[in-house]
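Data file: structure31.tsv. Format and content: TSV, C-alpha atoms and all ligand atoms.
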```
chain	number	residue	atom	x	y	z
E	189	MET	CA	0.00	0.00	0.00
E	190	SER	CA	1.24	3.52	-0.73
E	191	LYS	CA	2.32	5.82	2.05
E	192	LYS	CA	-0.40	7.53	4.10
E	193	ILE	CA	-0.72	11.30	3.74
E	194	ASN	CA	0.30	13.10	6.95
E	195	ILE	CA	-2.29	15.78	7.64
E	196	SER	CA	-2.33	18.37	10.43
E	197	ILE	CA	-5.54	20.07	11.56
E	198	VAL	CA	-5.28	23.77	12.31
E	199	GLY	CA	-8.27	24.76	14.47
E	200	THR	CA	-9.90	21.87	16.29
E	201	GLY	CA	-13.34	23.30	17.03
E	202	LEU	CA	-16.62	22.06	15.57
E	203	MET	CA	-15.35	21.58	12.04
E	204	GLY	CA	-11.79	20.59	12.88
E	205	LEU	CA	-13.18	17.73	14.97
E	206	GLN	CA	-15.14	16.43	11.98
E	207	HIS	CA	-11.92	16.37	9.96
E	208	ILE	CA	-10.11	14.56	12.76
E	209	LYS	CA	-12.82	11.88	12.81
E	210	ALA	CA	-12.66	11.50	9.02
E	211	ILE	CA	-8.86	11.14	9.05
E	212	LYS	CA	-9.01	8.54	11.81
E	213	LYS	CA	-11.41	6.49	9.66
E	214	SER	CA	-9.35	6.88	6.48
E	215	LYS	CA	-6.97	4.28	5.16
E	216	LYS	CA	-5.16	6.91	3.12
E	217	ALA	CA	-4.54	9.60	5.71
E	218	ASN	CA	-2.68	9.88	8.98
E	219	LEU	CA	-3.34	12.47	11.70
E	220	HIS	CA	0.06	14.19	11.94
E	221	SER	CA	-0.70	16.80	14.63
E	222	ILE	CA	-3.03	19.60	15.64
E	223	VAL	CA	-2.59	23.35	16.01
E	224	ASP	CA	-4.85	25.19	18.43
E	225	ILE	CA	-4.79	27.57	21.36
E	226	SER	CA	-7.73	26.12	23.29
E	227	ASN	CA	-7.60	23.98	26.42
E	228	ASN	CA	-9.67	21.32	24.71
E	229	ALA	CA	-6.89	20.81	22.18
E	230	LYS	CA	-4.66	19.49	24.98
E	231	ASN	CA	-7.20	16.72	25.60
E	232	LEU	CA	-7.33	15.91	21.90
E	233	SER	CA	-3.56	15.74	21.72
E	234	LYS	CA	-3.54	13.23	24.59
E	235	LYS	CA	-6.47	11.25	23.24
E	236	TYR	CA	-4.93	10.77	19.78
E	237	LYS	CA	-1.31	10.74	21.00
E	238	ILE	CA	-0.26	13.41	18.55
E	239	PRO	CA	1.74	16.64	18.93
E	240	LEU	CA	-0.12	19.85	19.74
E	241	TYR	CA	1.36	23.08	18.39
E	242	SER	CA	0.25	26.49	19.56
E	243	ASN	CA	1.00	28.23	16.28
E	244	VAL	CA	1.61	27.64	12.60
E	245	SER	CA	5.37	28.36	12.77
E	246	GLU	CA	5.87	25.50	15.23
E	247	LEU	CA	4.03	23.16	12.87
E	248	LEU	CA	6.10	24.33	9.91
E	249	ASN	CA	9.25	23.38	11.84
E	250	SER	CA	7.97	19.85	12.38
E	251	LYS	CA	8.86	16.90	10.16
E	252	LYS	CA	6.94	14.75	7.66
E	253	LEU	CA	4.02	17.11	7.11
E	254	ASP	CA	2.28	16.52	3.76
E	255	ALA	CA	-0.85	18.68	3.98
E	256	VAL	CA	-3.02	20.72	6.34
E	257	ILE	CA	-6.68	21.41	6.94
E	258	VAL	CA	-7.33	24.95	8.13
E	259	ALA	CA	-10.51	25.20	10.21
E	260	THR	CA	-9.88	28.36	12.21
E	261	PRO	CA	-12.26	31.36	12.42
E	262	ASN	CA	-12.83	33.04	9.04
E	263	GLN	CA	-10.93	36.16	10.09
E	264	LEU	CA	-7.73	34.08	10.43
E	265	HIS	CA	-7.96	32.15	7.16
E	266	GLU	CA	-5.63	34.36	5.13
E	267	LYS	CA	-2.89	34.51	7.75
E	268	HIS	CA	-2.89	30.78	8.36
E	269	THR	CA	-3.39	29.57	4.80
E	270	VAL	CA	-0.79	31.83	3.18
E	271	SER	CA	1.85	30.66	5.68
E	272	PHE	CA	1.37	27.10	4.45
E	273	LEU	CA	1.14	27.95	0.76
E	274	LYS	CA	4.42	29.91	0.97
E	275	ASN	CA	5.99	26.71	2.29
E	276	LYS	CA	4.37	24.69	-0.50
E	277	ILE	CA	2.14	22.72	1.86
E	278	PRO	CA	-1.23	21.90	0.21
E	279	VAL	CA	-4.24	23.27	2.08
E	280	LEU	CA	-7.86	22.23	2.46
E	281	LEU	CA	-9.34	25.46	3.77
E	282	GLU	CA	-12.76	25.52	5.39
E	283	LYS	CA	-15.36	27.65	3.73
E	284	PRO	CA	-15.79	30.57	3.34
E	285	ILE	CA	-12.38	31.17	1.80
E	286	SER	CA	-12.03	34.36	3.85
E	287	ASP	CA	-14.01	37.19	5.43
E	288	ASN	CA	-13.47	39.66	2.57
E	289	ILE	CA	-12.74	39.64	-1.14
E	290	GLN	CA	-9.25	41.25	-1.05
E	291	SER	CA	-8.09	38.65	1.40
E	292	ALA	CA	-9.64	35.83	-0.65
E	293	LYS	CA	-7.76	37.09	-3.72
E	294	LYS	CA	-4.48	37.09	-1.78
E	295	ILE	CA	-5.04	33.45	-0.77
E	296	ILE	CA	-5.76	32.39	-4.36
E	297	SER	CA	-2.81	34.32	-5.73
E	298	SER	CA	-0.51	32.74	-3.14
E	299	ALA	CA	-1.67	29.26	-4.20
E	300	ASN	CA	-0.99	30.13	-7.86
E	301	LYS	CA	2.35	31.81	-7.20
E	302	ASN	CA	3.61	28.89	-5.12
E	303	LYS	CA	2.05	26.30	-7.45
E	304	THR	CA	0.51	24.62	-4.40
E	305	PRO	CA	-2.93	22.96	-4.29
E	306	LEU	CA	-5.69	24.80	-2.42
E	307	LEU	CA	-9.20	23.42	-1.98
E	308	ILE	CA	-12.09	25.19	-0.26
E	309	GLY	CA	-14.22	22.91	1.91
E	310	TYR	CA	-17.53	22.95	0.10
E	311	HIS	CA	-18.35	19.47	1.34
E	312	ARG	CA	-22.02	19.74	0.45
E	313	ARG	CA	-21.05	19.39	-3.19
E	314	HIS	CA	-20.26	15.79	-2.30
E	315	ASN	CA	-23.50	15.26	-0.39
E	316	SER	CA	-25.38	12.26	-1.84
E	317	ILE	CA	-28.56	14.35	-2.38
E	318	VAL	CA	-26.64	17.01	-4.32
E	319	SER	CA	-24.76	14.38	-6.35
E	320	LYS	CA	-28.06	12.72	-7.23
E	321	VAL	CA	-29.56	16.02	-8.44
E	322	LYS	CA	-26.45	16.71	-10.53
E	323	ASP	CA	-26.64	13.25	-12.02
E	324	ILE	CA	-30.31	13.76	-12.96
E	325	ILE	CA	-29.48	17.12	-14.59
E	326	ASN	CA	-26.46	15.70	-16.43
E	327	LYS	CA	-28.60	12.91	-17.85
E	328	ASP	CA	-30.95	15.58	-19.20
E	329	LYS	CA	-33.89	14.10	-17.33
E	330	LEU	CA	-35.30	17.52	-16.46
E	331	GLY	CA	-35.21	18.97	-19.98
E	332	ASN	CA	-34.03	22.49	-20.61
E	333	ILE	CA	-33.53	24.14	-17.21
E	334	VAL	CA	-33.97	27.89	-17.43
E	335	SER	CA	-33.59	28.80	-13.77
E	336	ALA	CA	-33.17	27.23	-10.35
E	337	ASN	CA	-33.82	28.42	-6.84
E	338	VAL	CA	-32.27	26.36	-4.07
E	339	LEU	CA	-32.65	27.17	-0.41
E	340	CYS	CA	-31.05	25.39	2.54
E	341	TRP	CA	-31.74	26.47	6.11
E	342	LEU	CA	-30.00	24.90	9.06
E	343	TYR	CA	-31.02	25.48	12.66
E	344	LYS	CA	-28.22	26.62	14.95
E	345	HIS	CA	-28.65	26.24	18.68
E	346	LYS	CA	-28.32	29.39	20.83
E	347	ALA	CA	-25.01	28.14	22.27
E	348	TYR	CA	-23.54	28.26	18.75
E	349	TYR	CA	-23.45	32.05	19.05
E	350	ASN	CA	-21.51	32.00	22.31
E	351	GLU	CA	-18.41	31.71	20.11
E	352	LYS	CA	-17.76	35.42	19.60
E	353	TRP	CA	-16.02	35.30	16.20
E	354	ARG	CA	-19.21	33.91	14.66
E	355	VAL	CA	-21.19	37.07	15.42
E	356	ARG	CA	-18.45	39.56	14.58
E	357	LYS	CA	-17.97	41.16	11.17
E	358	GLY	CA	-16.79	38.48	8.75
E	359	GLY	CA	-18.02	35.70	11.01
E	360	GLY	CA	-20.60	34.30	8.66
E	361	ALA	CA	-23.60	34.82	6.49
E	362	PHE	CA	-25.76	37.92	6.99
E	363	ARG	CA	-28.29	35.78	8.82
E	364	ASN	CA	-25.71	34.91	11.52
L	401	LIG	N1	-17.99	23.25	5.70
L	401	LIG	C1	-18.95	23.48	6.61
L	401	LIG	O1	-20.09	23.05	6.50
L	401	LIG	C2	-18.60	24.27	7.83
L	401	LIG	C3	-19.37	24.14	8.97
L	401	LIG	C4	-18.99	24.85	10.08
L	401	LIG	C5	-17.90	25.67	10.04
L	401	LIG	N2	-17.18	25.81	8.89
L	401	LIG	C6	-16.01	26.69	8.83
L	401	LIG	O2	-14.96	26.11	9.60
L	401	LIG	C7	-14.19	27.14	10.23
L	401	LIG	C8	-14.18	26.89	11.72
L	401	LIG	O3	-15.52	26.94	12.20
L	401	LIG	P1	-15.93	26.20	13.56
L	401	LIG	O4	-17.40	26.29	13.64
L	401	LIG	O5	-15.27	24.86	13.63
L	401	LIG	O6	-15.26	27.19	14.62
L	401	LIG	P2	-14.88	26.90	16.14
L	401	LIG	O7	-14.90	28.21	16.83
L	401	LIG	O8	-15.72	25.78	16.69
L	401	LIG	O9	-13.37	26.36	16.03
L	401	LIG	C9	-12.30	27.21	15.70
L	401	LIG	C10	-11.05	26.67	16.38
L	401	LIG	O10	-9.94	27.48	16.00
L	401	LIG	C11	-9.14	27.69	17.16
L	401	LIG	N3	-8.33	28.89	17.00
L	401	LIG	C12	-8.71	30.18	17.15
L	401	LIG	N4	-7.66	31.00	16.94
L	401	LIG	C13	-6.61	30.20	16.63
L	401	LIG	C14	-5.25	30.44	16.30
L	401	LIG	N5	-4.76	31.69	16.25
L	401	LIG	N6	-4.44	29.39	16.02
L	401	LIG	C15	-4.93	28.11	16.07
L	401	LIG	N7	-6.21	27.82	16.39
L	401	LIG	C16	-7.03	28.85	16.66
L	401	LIG	C17	-10.13	27.81	18.30
L	401	LIG	O11	-9.52	27.58	19.57
L	401	LIG	C18	-11.13	26.72	17.92
L	401	LIG	O12	-10.78	25.46	18.47
L	401	LIG	C19	-14.86	28.46	9.83
L	401	LIG	O13	-14.21	28.98	8.71
L	401	LIG	C20	-16.27	28.05	9.48
L	401	LIG	O14	-16.91	28.93	8.56
L	401	LIG	C21	-17.49	25.10	7.80
```

Can the structure in the file be given as structure tokens, please?
Amino acid sequence: MSKKINISIVGTGLMGLQHIKAIKKSKKANLHSIVDISNNAKNLSKKYKIPLYSNVSELLNSKKLDAVIVATPNQLHEKHTVSFLKNKIPVLLEKPISDNIQSAKKIISSANKNKTPLLIGYHRRHNSIVSKVKDIINKDKLGNIVSANVLCWLYKHKAYYNEKWRVRKGGGAFRN
């Protein structure tokens, strides 16, 4: 079997935890380490017996890192992602790409300049319902589509908004 890809998770909150679970289930990936500043990250580091770094520079000094998943608050996406791209480490960056357009452009231009893969985490594109709809459209089963209106609402519990970055400028959709 080919070598497993060593992936570090930067930001181990709600979304970072999902990525950790997925990596632990994967036969192709290995959980290299985590980067976070929270107390909970210490427990994760013990639980999975992996190094915990408190910042991106420490991770960049570590060995055998193949790729990273950045799942920090939106306002930190540019800073974190560009550090990895400059070091030619491929990044899966959680959506949205950033909290403003200028910053998003800087991230994309860094990926291009450094010829390093960057993927934004639009996981719903791989949702089985969405794939099925795409398949139906591709097979021309719906005829000539002239417009589409798709709406998806997800309930967020009150506690979700205790995390301050989510309700600050750039934290999320207008509705948040
Ligand atoms: N794809 C999706 O469906 C989906 C769903 C939820 C969230 N997200 C995205 O994922 C990202 C994270 O969201 P979340 O809900 O997991 O947030 P969260 O607040 O639960 O987790 C963020 C984590 O980042 C850590 N962190 C903060 N500053 C840091 C720093 N300087 N260095 C390292 N770690 C730091 C925090 O301690 C926390 O553990 C956001 O961009 C969000 O939009 C995507």

>> Between CA of Lys234 (chain E) and atom P1 of ligand LIG 401 (chain L), what distance in Å does the model show, to one decimal?
In response: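 Interatomic distance here is 21.1 Å.
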
> Which residue out of E:Lys320, E:Lys294, E:His220, E:Lys357 has the minimum interatomic distance to His265 (chain E) when all atoms listed in the file are used?
Replying inline: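 When distances to His265 (chain E) are compared using all atoms listed in the file, the smallest one comes from E:Lys294.
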
>> From (-0.6, 34.3, 1.3), in the file's coordinates, out to 9 Å: which residues are reached, counting all atoms listed in the file? Answer as a VMD selection string.
In response: chain E and resid 266 to 274 291 294 to 299

Writing out the chosen residues with C-alpha atoms as a compact mmCIF listing (two decimals), keeping the file's coordinate frame:
```
# COMPACT_ATOMS: atom_id res chain seq x y z
CA GLU E 266 -5.63 34.36 5.13
CA LYS E 267 -2.89 34.51 7.75
CA HIS E 268 -2.89 30.78 8.36
CA THR E 269 -3.39 29.57 4.80
CA VAL E 270 -0.79 31.83 3.18
CA SER E 271 1.85 30.66 5.68
CA PHE E 272 1.37 27.10 4.45
CA LEU E 273 1.14 27.95 0.76
CA LYS E 274 4.42 29.91 0.97
CA SER E 291 -8.09 38.65 1.40
CA LYS E 294 -4.48 37.09 -1.78
CA ILE E 295 -5.04 33.45 -0.77
CA ILE E 296 -5.76 32.39 -4.36
CA SER E 297 -2.81 34.32 -5.73
CA SER E 298 -0.51 32.74 -3.14
CA ALA E 299 -1.67 29.26 -4.20
```

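When all atoms listed in the file are used to compute distances to ligand LIG 401 (chain L), the closest of the residues E:Pro278, E:Pro239, E:Pro305, E:Gly358 turns out to be E:Gly358.
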
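The two atoms in question, CA of Thr260 (chain E) and CA of Lys303 (chain E), are spaced 23.1 Å apart.
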
> Neighbours of ligand LIG 401 (chain L) within 6 Å, counting all atoms listed in the file, as a list of chain:residue names?
Replying inline: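 Result of the 6 Å neighbour search around ligand LIG 401 (chain L): E:Val198, E:Gly199, E:Thr200, E:Gly201, E:Leu202, E:Met203, E:Gly204, E:Val223, E:Asp224, E:Ile225, E:Ser226, E:Asn243, E:Ala259, E:Thr260, E:Pro261, E:Asn262, E:Glu282, E:Lys283, E:Pro284, E:Gly309, E:Tyr310, E:His311, E:Glu351.
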
>> What's the separation between CA of Ile193 (chain E) and CA of Leu247 (chain E), in Å to one decimal place?
In response: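 That distance, rounded to one decimal, is 15.7 Å.
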
>> Calculated over all atoms listed in the file, which of the candidates E:Asn302, E:Asn326, E:Asn194, E:Asn218 has the smallest distance to Lys252 (chain E)?
In response: E:Asn194

Once N, CA and C atoms are restored for region 325-355 of chain E, what would the output be as a PDB file, in the frame of the given file?
```pdb
ATOM      1  N   ILE E 325     -29.620  16.003 -13.633  1.00  0.00           N
ATOM      2  CA  ILE E 325     -29.480  17.120 -14.590  1.00  0.00           C
ATOM      3  C   ILE E 325     -28.569  16.712 -15.741  1.00  0.00           C
ATOM      4  N   ASN E 326     -27.425  16.104 -15.386  1.00  0.00           N
ATOM      5  CA  ASN E 326     -26.460  15.700 -16.430  1.00  0.00           C
ATOM      6  C   ASN E 326     -27.066  14.726 -17.432  1.00  0.00           C
ATOM      7  N   LYS E 327     -27.980  13.891 -16.951  1.00  0.00           N
ATOM      8  CA  LYS E 327     -28.600  12.910 -17.850  1.00  0.00           C
ATOM      9  C   LYS E 327     -29.759  13.535 -18.619  1.00  0.00           C
ATOM     10  N   ASP E 328     -29.940  14.824 -18.453  1.00  0.00           N
ATOM     11  CA  ASP E 328     -30.950  15.580 -19.200  1.00  0.00           C
ATOM     12  C   ASP E 328     -32.382  15.135 -18.882  1.00  0.00           C
ATOM     13  N   LYS E 329     -32.571  14.612 -17.684  1.00  0.00           N
ATOM     14  CA  LYS E 329     -33.890  14.100 -17.330  1.00  0.00           C
ATOM     15  C   LYS E 329     -34.897  15.214 -17.044  1.00  0.00           C
ATOM     16  N   LEU E 330     -34.392  16.413 -16.807  1.00  0.00           N
ATOM     17  CA  LEU E 330     -35.300  17.520 -16.460  1.00  0.00           C
ATOM     18  C   LEU E 330     -35.542  18.462 -17.641  1.00  0.00           C
ATOM     19  N   GLY E 331     -35.011  18.111 -18.804  1.00  0.00           N
ATOM     20  CA  GLY E 331     -35.210  18.970 -19.980  1.00  0.00           C
ATOM     21  C   GLY E 331     -34.351  20.204 -19.899  1.00  0.00           C
ATOM     22  N   ASN E 332     -34.829  21.260 -20.539  1.00  0.00           N
ATOM     23  CA  ASN E 332     -34.030  22.490 -20.610  1.00  0.00           C
ATOM     24  C   ASN E 332     -34.292  23.344 -19.367  1.00  0.00           C
ATOM     25  N   ILE E 333     -33.331  23.370 -18.452  1.00  0.00           N
ATOM     26  CA  ILE E 333     -33.530  24.140 -17.210  1.00  0.00           C
ATOM     27  C   ILE E 333     -33.241  25.607 -17.483  1.00  0.00           C
ATOM     28  N   VAL E 334     -34.198  26.470 -17.167  1.00  0.00           N
ATOM     29  CA  VAL E 334     -33.970  27.890 -17.430  1.00  0.00           C
ATOM     30  C   VAL E 334     -33.637  28.670 -16.158  1.00  0.00           C
ATOM     31  N   SER E 335     -34.021  28.149 -15.010  1.00  0.00           N
ATOM     32  CA  SER E 335     -33.590  28.800 -13.770  1.00  0.00           C
ATOM     33  C   SER E 335     -33.742  27.815 -12.613  1.00  0.00           C
ATOM     34  N   ALA E 336     -33.060  28.103 -11.534  1.00  0.00           N
ATOM     35  CA  ALA E 336     -33.170  27.230 -10.350  1.00  0.00           C
ATOM     36  C   ALA E 336     -33.097  28.094  -9.104  1.00  0.00           C
ATOM     37  N   ASN E 337     -33.830  27.698  -8.106  1.00  0.00           N
ATOM     38  CA  ASN E 337     -33.820  28.420  -6.840  1.00  0.00           C
ATOM     39  C   ASN E 337     -33.679  27.397  -5.721  1.00  0.00           C
ATOM     40  N   VAL E 338     -32.522  27.378  -5.097  1.00  0.00           N
ATOM     41  CA  VAL E 338     -32.270  26.360  -4.070  1.00  0.00           C
ATOM     42  C   VAL E 338     -32.060  27.035  -2.725  1.00  0.00           C
ATOM     43  N   LEU E 339     -32.754  26.560  -1.728  1.00  0.00           N
ATOM     44  CA  LEU E 339     -32.650  27.170  -0.410  1.00  0.00           C
ATOM     45  C   LEU E 339     -32.343  26.093   0.625  1.00  0.00           C
ATOM     46  N   CYS E 340     -31.379  26.364   1.493  1.00  0.00           N
ATOM     47  CA  CYS E 340     -31.050  25.390   2.540  1.00  0.00           C
ATOM     48  C   CYS E 340     -30.948  26.153   3.862  1.00  0.00           C
ATOM     49  N   TRP E 341     -31.771  25.819   4.795  1.00  0.00           N
ATOM     50  CA  TRP E 341     -31.740  26.470   6.110  1.00  0.00           C
ATOM     51  C   TRP E 341     -31.352  25.447   7.151  1.00  0.00           C
ATOM     52  N   LEU E 342     -30.390  25.812   7.988  1.00  0.00           N
ATOM     53  CA  LEU E 342     -30.000  24.900   9.060  1.00  0.00           C
ATOM     54  C   LEU E 342     -30.199  25.602  10.400  1.00  0.00           C
ATOM     55  N   TYR E 343     -30.794  24.899  11.334  1.00  0.00           N
ATOM     56  CA  TYR E 343     -31.020  25.480  12.660  1.00  0.00           C
ATOM     57  C   TYR E 343     -29.710  25.468  13.450  1.00  0.00           C
ATOM     58  N   LYS E 344     -29.388  26.582  14.061  1.00  0.00           N
ATOM     59  CA  LYS E 344     -28.220  26.620  14.950  1.00  0.00           C
ATOM     60  C   LYS E 344     -28.717  26.886  16.370  1.00  0.00           C
ATOM     61  N   HIS E 345     -28.259  26.082  17.293  1.00  0.00           N
ATOM     62  CA  HIS E 345     -28.650  26.240  18.680  1.00  0.00           C
ATOM     63  C   HIS E 345     -28.081  27.554  19.226  1.00  0.00           C
ATOM     64  N   LYS E 346     -28.751  28.111  20.240  1.00  0.00           N
ATOM     65  CA  LYS E 346     -28.320  29.390  20.830  1.00  0.00           C
ATOM     66  C   LYS E 346     -26.838  29.372  21.234  1.00  0.00           C
ATOM     67  N   ALA E 347     -26.396  28.245  21.775  1.00  0.00           N
ATOM     68  CA  ALA E 347     -25.010  28.140  22.270  1.00  0.00           C
ATOM     69  C   ALA E 347     -23.997  28.339  21.139  1.00  0.00           C
ATOM     70  N   TYR E 348     -24.427  28.090  19.914  1.00  0.00           N
ATOM     71  CA  TYR E 348     -23.540  28.260  18.750  1.00  0.00           C
ATOM     72  C   TYR E 348     -23.003  29.689  18.705  1.00  0.00           C
ATOM     73  N   TYR E 349     -23.823  30.630  19.144  1.00  0.00           N
ATOM     74  CA  TYR E 349     -23.450  32.050  19.050  1.00  0.00           C
ATOM     75  C   TYR E 349     -22.647  32.535  20.258  1.00  0.00           C
ATOM     76  N   ASN E 350     -22.379  31.628  21.193  1.00  0.00           N
ATOM     77  CA  ASN E 350     -21.510  32.000  22.310  1.00  0.00           C
ATOM     78  C   ASN E 350     -20.082  32.226  21.824  1.00  0.00           C
ATOM     79  N   GLU E 351     -19.743  31.561  20.711  1.00  0.00           N
ATOM     80  CA  GLU E 351     -18.410  31.710  20.110  1.00  0.00           C
ATOM     81  C   GLU E 351     -18.384  33.082  19.423  1.00  0.00           C
ATOM     82  N   LYS E 352     -17.635  34.021  19.994  1.00  0.00           N
ATOM     83  CA  LYS E 352     -17.760  35.420  19.600  1.00  0.00           C
ATOM     84  C   LYS E 352     -17.415  35.709  18.129  1.00  0.00           C
ATOM     85  N   TRP E 353     -16.422  34.976  17.565  1.00  0.00           N
ATOM     86  CA  TRP E 353     -16.020  35.300  16.200  1.00  0.00           C
ATOM     87  C   TRP E 353     -17.167  35.109  15.211  1.00  0.00           C
ATOM     88  N   ARG E 354     -18.110  34.218  15.593  1.00  0.00           N
ATOM     89  CA  ARG E 354     -19.210  33.910  14.660  1.00  0.00           C
ATOM     90  C   ARG E 354     -20.181  35.072  14.504  1.00  0.00           C
ATOM     91  N   VAL E 355     -20.240  35.957  15.504  1.00  0.00           N
ATOM     92  CA  VAL E 355     -21.190  37.070  15.420  1.00  0.00           C
ATOM     93  C   VAL E 355     -20.490  38.401  15.155  1.00  0.00           C
TER      94      VAL E 355
END
```
